[in-house]
Amino acid sequence: MRPEHPIVLITGASSGFGAAMARLLAAQGCHLALGARRAERVQVLADELVQAHGIKAFAGAVDTRDTASVNAFVEAAAASLGGLHVLVANAGLASGTYKMWETPDEDLEAMMRTNIEGVVKTIRAGIPHLRKAGWGHVFFIGSTAGHQPYEGGSVYCASKFGVKAMAHSLRLELNGEQIRVTSVDPGMAETEFSNVRLKDDTKAAAVYQGTKPLTAFDVAECVRWCLMLPDHVNIDEMLVKCLDQASVHKVHRRA
Ligand SMILES: NC(=O)c1ccc[n+]([C@@H]2O[C@H](COP(=O)([O-])OP(=O)(O)OC[C@H]3O[C@@H](n4cnc5c(N)ncnc54)[C@H](OP(=O)(O)O)[C@@H]3O)[C@@H](O)[C@H]2O)c1
C-alpha cells in the first residue's frame, strides 16, 4: 500500500518542474529529497517546505552525470529520511539548436550525459531503496521531443527517445514488483529550460510569445495525479501539451 507520507527523491529540484513538484508534493504530505548542482537553491526550497508543511526534507548538491555524486546524494537522502519510495529522474536539459553536423562536443555530451546517463545513475542508485520499502514509483520526465523529432533538436530528441525506451525497459524489468513506472512527457513549458538551451533570455522569452504554454505546476500536477492513483493502476506514459501546441511544428500564436 502507498505509504501515508511517501518519501520522494527529485533531481533537478532547483528550478522548473522539479521545484514545482517539490511544492505540490510537500502540500500532499510527502517527505522530500531534493537535489541539483545549485545546492543553495534546493536548501532554501527545502527549508521553506519544512516550515510550511511540517514535512521532512533533505537537500543536497548532486551532479547526475557523476556516479559518485549521485550515489552519495541518494545514500545520504535515504539515511536522512529513513528510506525512499519515489524517484523522479527529472534533471535534464537541451543545449543549443544545432543541426546534427554542427553540434559541438560540449553540447552533445551535456545532453547525453545528463538526459541518459544521469537518469540511469539516479534510478540505479535509488531502486534498492524502493525494493527494500516494498512499494515504489519511478518517474521519468520525457518530452514531446521523444515522440516527434524536429530539426535543430537531433541530440535532444535522441536523448528523449532514449528516455522513452528506458521507461519501457524498466517497466518490463520490474514486472511483478510493486514498483510503478511512469513517463510524463510534456510539450512546451515555460521554465528555465529555454534560457539554458538558448543561453539568451530575450530569445528564450520569444519561444513563448503569443502562446499560453504549460507551467511547471501543470507538469507537477501530472506527477501528483499518477502518484496518488490506486496501487494497481500504472500510467505508463502521459503526453501533455498546452492547448496552443497541436504538434511540435504547429503552435498557435496570438498577435
Ligand atoms: N520546459 C520544457 O519545455 C520541457 C518540455 C519537456 C521536457 N522537459 C524536461 O523536463 C526536465 C526539467 O526541465 P525544466 O523545464 O524544469 O528546466 P529547468 O527549469 O532548466 O530545470 C532543469 C533542472 O535540471 C537540473 N540539472 C541540469 N543538469 C543537471 C545535472 N548535471 N545534475 C543535476 N541537476 C541538473 C537543474 O539544476 P542545476 O542547474 O541547479 O543543476 C534544474 O533544476 C528536463 O529533463 C527537460 O528535458 C522540459
# chains A, B, ... in the order shown; residues from 1 in each chain; ligands from 1
$ select_by_dssp --residues "stretch 36-72 of chain A" --states "strand (DSSP E or B)" --output "compact mmCIF listing (two decimals) with C-alpha atoms, in the first residue's frame"
# COMPACT_ATOMS: atom_id res chain seq x y z
CA ALA A 36 20.60 19.79 -8.06
CA ALA A 57 13.21 17.27 3.73
CA PHE A 58 16.78 16.54 2.73
CA ALA A 59 18.58 18.90 0.33
CA GLY A 60 21.90 18.19 -1.32
CA ALA A 61 24.24 19.01 -4.17
$ closest_atom_pairs --of "chain A" --to "ligand 1" --cutoff "7 Å" --atoms "only C-alpha atoms and all ligand atoms" --output "tab-separated table"
residue	atom	partner	partner_atom_place_in_ligand_line	distance
A:Thr11	CA	ligand 1	34 (N)	5.8
A:Gly12	CA	ligand 1	43 (O)	3.3
A:Ala13	CA	ligand 1	43 (O)	4.6
A:Ser14	CA	ligand 1	43 (O)	3.9
A:Ser15	CA	ligand 1	43 (O)	4.2
A:Gly16	CA	ligand 1	16 (O)	3.4
A:Phe17	CA	ligand 1	16 (O)	3.9
A:Gly18	CA	ligand 1	16 (O)	5.8
A:Gly35	CA	ligand 1	33 (C)	6.7
A:Ala36	CA	ligand 1	34 (N)	4.0
A:Arg37	CA	ligand 1	41 (O)	3.5
A:Arg38	CA	ligand 1	40 (O)	3.7
A:Ala39	CA	ligand 1	40 (O)	6.8
A:Val62	CA	ligand 1	33 (C)	5.3
A:Asp63	CA	ligand 1	32 (N)	3.5
A:Thr64	CA	ligand 1	32 (N)	4.0
A:Arg65	CA	ligand 1	31 (N)	5.2
A:Asn90	CA	ligand 1	45 (O)	4.9
A:Ala91	CA	ligand 1	24 (O)	3.6
A:Gly92	CA	ligand 1	45 (O)	3.4
A:Leu93	CA	ligand 1	47 (O)	4.5
A:Ala94	CA	ligand 1	47 (O)	6.2
A:Thr114	CA	ligand 1	31 (N)	5.3
A:Asn115	CA	ligand 1	45 (O)	6.4
A:Ile141	CA	ligand 1	45 (O)	5.5
A:Gly142	CA	ligand 1	7 (C)	5.5
A:Ser143	CA	ligand 1	6 (C)	4.0
A:Thr144	CA	ligand 1	6 (C)	6.3
A:Asp185	CA	ligand 1	6 (C)	6.1
A:Pro186	CA	ligand 1	6 (C)	4.3
A:Gly187	CA	ligand 1	5 (C)	4.8
A:Met188	CA	ligand 1	3 (O)	3.9
A:Ala189	CA	ligand 1	3 (O)	3.8
A:Glu190	CA	ligand 1	1 (N)	5.5
A:Thr191	CA	ligand 1	19 (O)	4.4
A:Glu192	CA	ligand 1	19 (O)	3.7
A:Phe193	CA	ligand 1	20 (O)	3.8
A:Ser194	CA	ligand 1	1 (N)	7.0
A:Val196	CA	ligand 1	20 (O)	6.0
A:Ala216	CA	ligand 1	16 (O)	6.7
$ write_last_selection --atoms "N, CA and C atoms" --output "compact mmCIF listing (two decimals), in the first residue's frame"
# COMPACT_ATOMS: atom_id res chain seq x y z
N THR A 11 15.44 14.87 -8.67
CA THR A 11 16.64 15.55 -9.18
C THR A 11 16.21 16.75 -10.01
N GLY A 12 17.06 17.75 -10.07
CA GLY A 12 16.70 18.97 -10.80
C GLY A 12 15.62 19.75 -10.07
N ALA A 13 15.75 19.80 -8.75
CA ALA A 13 14.71 20.48 -7.94
C ALA A 13 15.02 21.95 -7.70
N SER A 14 16.08 22.46 -8.34
CA SER A 14 16.44 23.86 -8.11
C SER A 14 15.64 24.81 -9.00
N SER A 15 14.81 24.27 -9.89
CA SER A 15 14.15 25.11 -10.90
C SER A 15 12.98 24.35 -11.52
N GLY A 16 12.16 25.06 -12.26
CA GLY A 16 11.17 24.46 -13.17
C GLY A 16 10.32 23.35 -12.58
N PHE A 17 10.21 22.25 -13.33
CA PHE A 17 9.33 21.14 -12.94
C PHE A 17 9.71 20.58 -11.57
N GLY A 18 10.99 20.41 -11.35
CA GLY A 18 11.44 19.77 -10.10
C GLY A 18 11.02 20.58 -8.88
N GLY A 35 17.57 17.48 -4.98
CA GLY A 35 18.95 17.62 -5.42
C GLY A 35 19.08 18.41 -6.71
N ALA A 36 20.21 19.07 -6.84
CA ALA A 36 20.60 19.79 -8.06
C ALA A 36 22.04 20.24 -7.85
N ARG A 37 22.64 20.76 -8.90
CA ARG A 37 24.01 21.29 -8.71
C ARG A 37 23.97 22.56 -7.89
N ARG A 38 22.93 23.40 -8.08
CA ARG A 38 22.83 24.63 -7.29
C ARG A 38 22.20 24.29 -5.93
N ALA A 39 23.07 23.81 -5.05
CA ALA A 39 22.60 23.27 -3.77
C ALA A 39 21.93 24.33 -2.90
N VAL A 62 23.96 17.63 -6.14
CA VAL A 62 24.20 16.43 -6.93
C VAL A 62 24.41 16.83 -8.39
N ASP A 63 25.41 16.21 -8.99
CA ASP A 63 25.59 16.32 -10.44
C ASP A 63 25.26 14.94 -10.99
N THR A 64 24.13 14.83 -11.65
CA THR A 64 23.65 13.50 -12.06
C THR A 64 24.53 12.84 -13.12
N ARG A 65 25.47 13.59 -13.69
CA ARG A 65 26.38 13.00 -14.68
C ARG A 65 27.46 12.16 -14.00
N ASN A 90 14.31 13.78 -13.01
CA ASN A 90 13.84 14.97 -13.75
C ASN A 90 14.97 15.80 -14.33
N ALA A 91 16.15 15.79 -13.70
CA ALA A 91 17.25 16.66 -14.15
C ALA A 91 17.53 16.41 -15.62
N GLY A 92 17.58 17.48 -16.39
CA GLY A 92 17.85 17.32 -17.81
C GLY A 92 17.91 18.67 -18.49
N LEU A 93 18.33 18.65 -19.73
CA LEU A 93 18.45 19.91 -20.46
C LEU A 93 18.55 19.67 -21.97
N ALA A 94 18.23 20.74 -22.71
CA ALA A 94 18.62 20.82 -24.11
C ALA A 94 19.71 21.87 -24.17
N THR A 114 23.60 13.97 -19.24
CA THR A 114 22.57 14.32 -18.25
C THR A 114 21.29 13.55 -18.52
N ASN A 115 20.82 13.59 -19.75
CA ASN A 115 19.47 13.06 -20.04
C ASN A 115 19.42 11.53 -20.10
N ILE A 141 11.04 11.88 -16.79
CA ILE A 141 10.47 13.06 -17.43
C ILE A 141 10.98 13.05 -18.87
N GLY A 142 10.10 12.61 -19.75
CA GLY A 142 10.43 12.57 -21.17
C GLY A 142 10.09 13.90 -21.80
N SER A 143 9.54 13.85 -23.01
CA SER A 143 9.22 15.09 -23.72
C SER A 143 8.46 14.74 -24.99
N THR A 144 7.76 15.72 -25.54
CA THR A 144 7.22 15.53 -26.89
C THR A 144 8.38 15.28 -27.86
N ASP A 185 5.55 13.16 -20.23
CA ASP A 185 6.20 13.70 -21.42
C ASP A 185 5.58 15.03 -21.83
N PRO A 186 6.11 16.14 -21.34
CA PRO A 186 5.49 17.45 -21.63
C PRO A 186 5.93 18.03 -22.97
N GLY A 187 5.05 18.90 -23.48
CA GLY A 187 5.43 19.77 -24.59
C GLY A 187 5.99 21.07 -24.01
N MET A 188 5.80 22.12 -24.78
CA MET A 188 6.37 23.44 -24.45
C MET A 188 5.90 23.93 -23.06
N ALA A 189 6.85 24.14 -22.17
CA ALA A 189 6.52 24.62 -20.82
C ALA A 189 7.50 25.72 -20.46
N GLU A 190 6.99 26.77 -19.83
CA GLU A 190 7.86 27.92 -19.53
C GLU A 190 8.55 27.71 -18.18
N THR A 191 9.84 27.40 -18.25
CA THR A 191 10.71 27.22 -17.07
C THR A 191 12.03 27.89 -17.45
N GLU A 192 13.12 27.45 -16.83
CA GLU A 192 14.44 27.97 -17.26
C GLU A 192 14.98 27.18 -18.46
N PHE A 193 14.18 26.21 -18.94
CA PHE A 193 14.62 25.30 -20.00
C PHE A 193 15.16 26.05 -21.23
N SER A 194 14.38 27.04 -21.72
CA SER A 194 14.81 27.73 -22.95
C SER A 194 15.97 28.71 -22.67
N VAL A 196 18.38 28.04 -20.62
CA VAL A 196 19.55 27.16 -20.63
C VAL A 196 19.86 26.74 -22.06
N ALA A 216 5.19 25.00 -14.94
CA ALA A 216 5.84 23.91 -14.20
C ALA A 216 4.82 23.20 -13.31
$ atom_distance --atom1 "atom CA of A:Arg180" --atom2 "atom CA of A:Gly54"
26.9 Å
$ residues_around --residues "A:Val138" --least-positions-apart "4" --cutoff "6 Å" --atoms "only C-alpha atoms" --output "VMD selection string"
chain A and resid 86 to 87 181
$ residues_around --residues "A:Asp107" --least-positions-apart "6" --cutoff "10 Å" --atoms "only C-alpha atoms" --output "list in words"
Leu93, Ala94, Ser95, Gly96, Thr97, Tyr98, Arg113, Val155, Tyr156 and Arg197 of chain A
$ select_by_dssp --residues "stretch 84-177 of chain A" --states "alpha helix (DSSP H)" --output "PyMOL selection string"
chain A and resi 105-112+119-133+154-173
$ closest_residue --among "A:Gly126, A:Gly176, A:Gly118, A:Gly134" --to "A:Ser159" --atoms "only C-alpha atoms"
A:Gly118
$ closest_residue --among "A:Met1, A:Leu84, A:Ala110, A:Ala27" --to "A:Leu130" --atoms "only C-alpha atoms"
A:Leu84
$ atom_distance --atom1 "atom CA of A:Ile55" --atom2 "atom CA of A:His31"
5.4 Å
$ residues_around --residues "A:Val223" --least-positions-apart "4" --cutoff "8 Å" --atoms "only C-alpha atoms" --output "PyMOL selection string"
chain A and resi 21+139+184+219+227
$ write_last_selection --atoms "N, CA and C atoms" --output "PDB file, in the first residue's frame"
ATOM      1  N   MET A  21       7.209  20.337  -8.484  1.00  0.00           N
ATOM      2  CA  MET A  21       6.822  19.028  -7.910  1.00  0.00           C
ATOM      3  C   MET A  21       7.070  19.029  -6.410  1.00  0.00           C
ATOM      4  N   PHE A 139       9.478   7.843 -11.768  1.00  0.00           N
ATOM      5  CA  PHE A 139       9.032   8.770 -12.812  1.00  0.00           C
ATOM      6  C   PHE A 139      10.212   9.162 -13.692  1.00  0.00           C
ATOM      7  N   VAL A 184       6.300  10.942 -17.768  1.00  0.00           N
ATOM      8  CA  VAL A 184       5.499  12.139 -18.030  1.00  0.00           C
ATOM      9  C   VAL A 184       6.236  12.931 -19.110  1.00  0.00           C
ATOM     10  N   VAL A 219       2.779  20.456 -15.057  1.00  0.00           N
ATOM     11  CA  VAL A 219       3.516  19.193 -15.196  1.00  0.00           C
ATOM     12  C   VAL A 219       3.618  18.497 -13.829  1.00  0.00           C
ATOM     13  N   LEU A 227       0.862   9.559  -9.104  1.00  0.00           N
ATOM     14  CA  LEU A 227       1.342   9.022  -7.827  1.00  0.00           C
ATOM     15  C   LEU A 227       0.190   8.666  -6.894  1.00  0.00           C
TER      16      LEU A 227
END
$ closest_residue --among "A:Ala20, A:Leu45, A:Leu81, A:Tyr208" --to "A:His5" --atoms "only C-alpha atoms"
A:Leu81
$ closest_residue --among "A:Leu108, A:Thr211, A:Ala165, A:His137" --to "A:Ala255" --atoms "only C-alpha atoms"
A:Thr211
$ closest_residue --among "A:Ala158, A:Arg124, A:Gly210, A:His129" --to "A:Arg254" --atoms "only C-alpha atoms"
A:Gly210
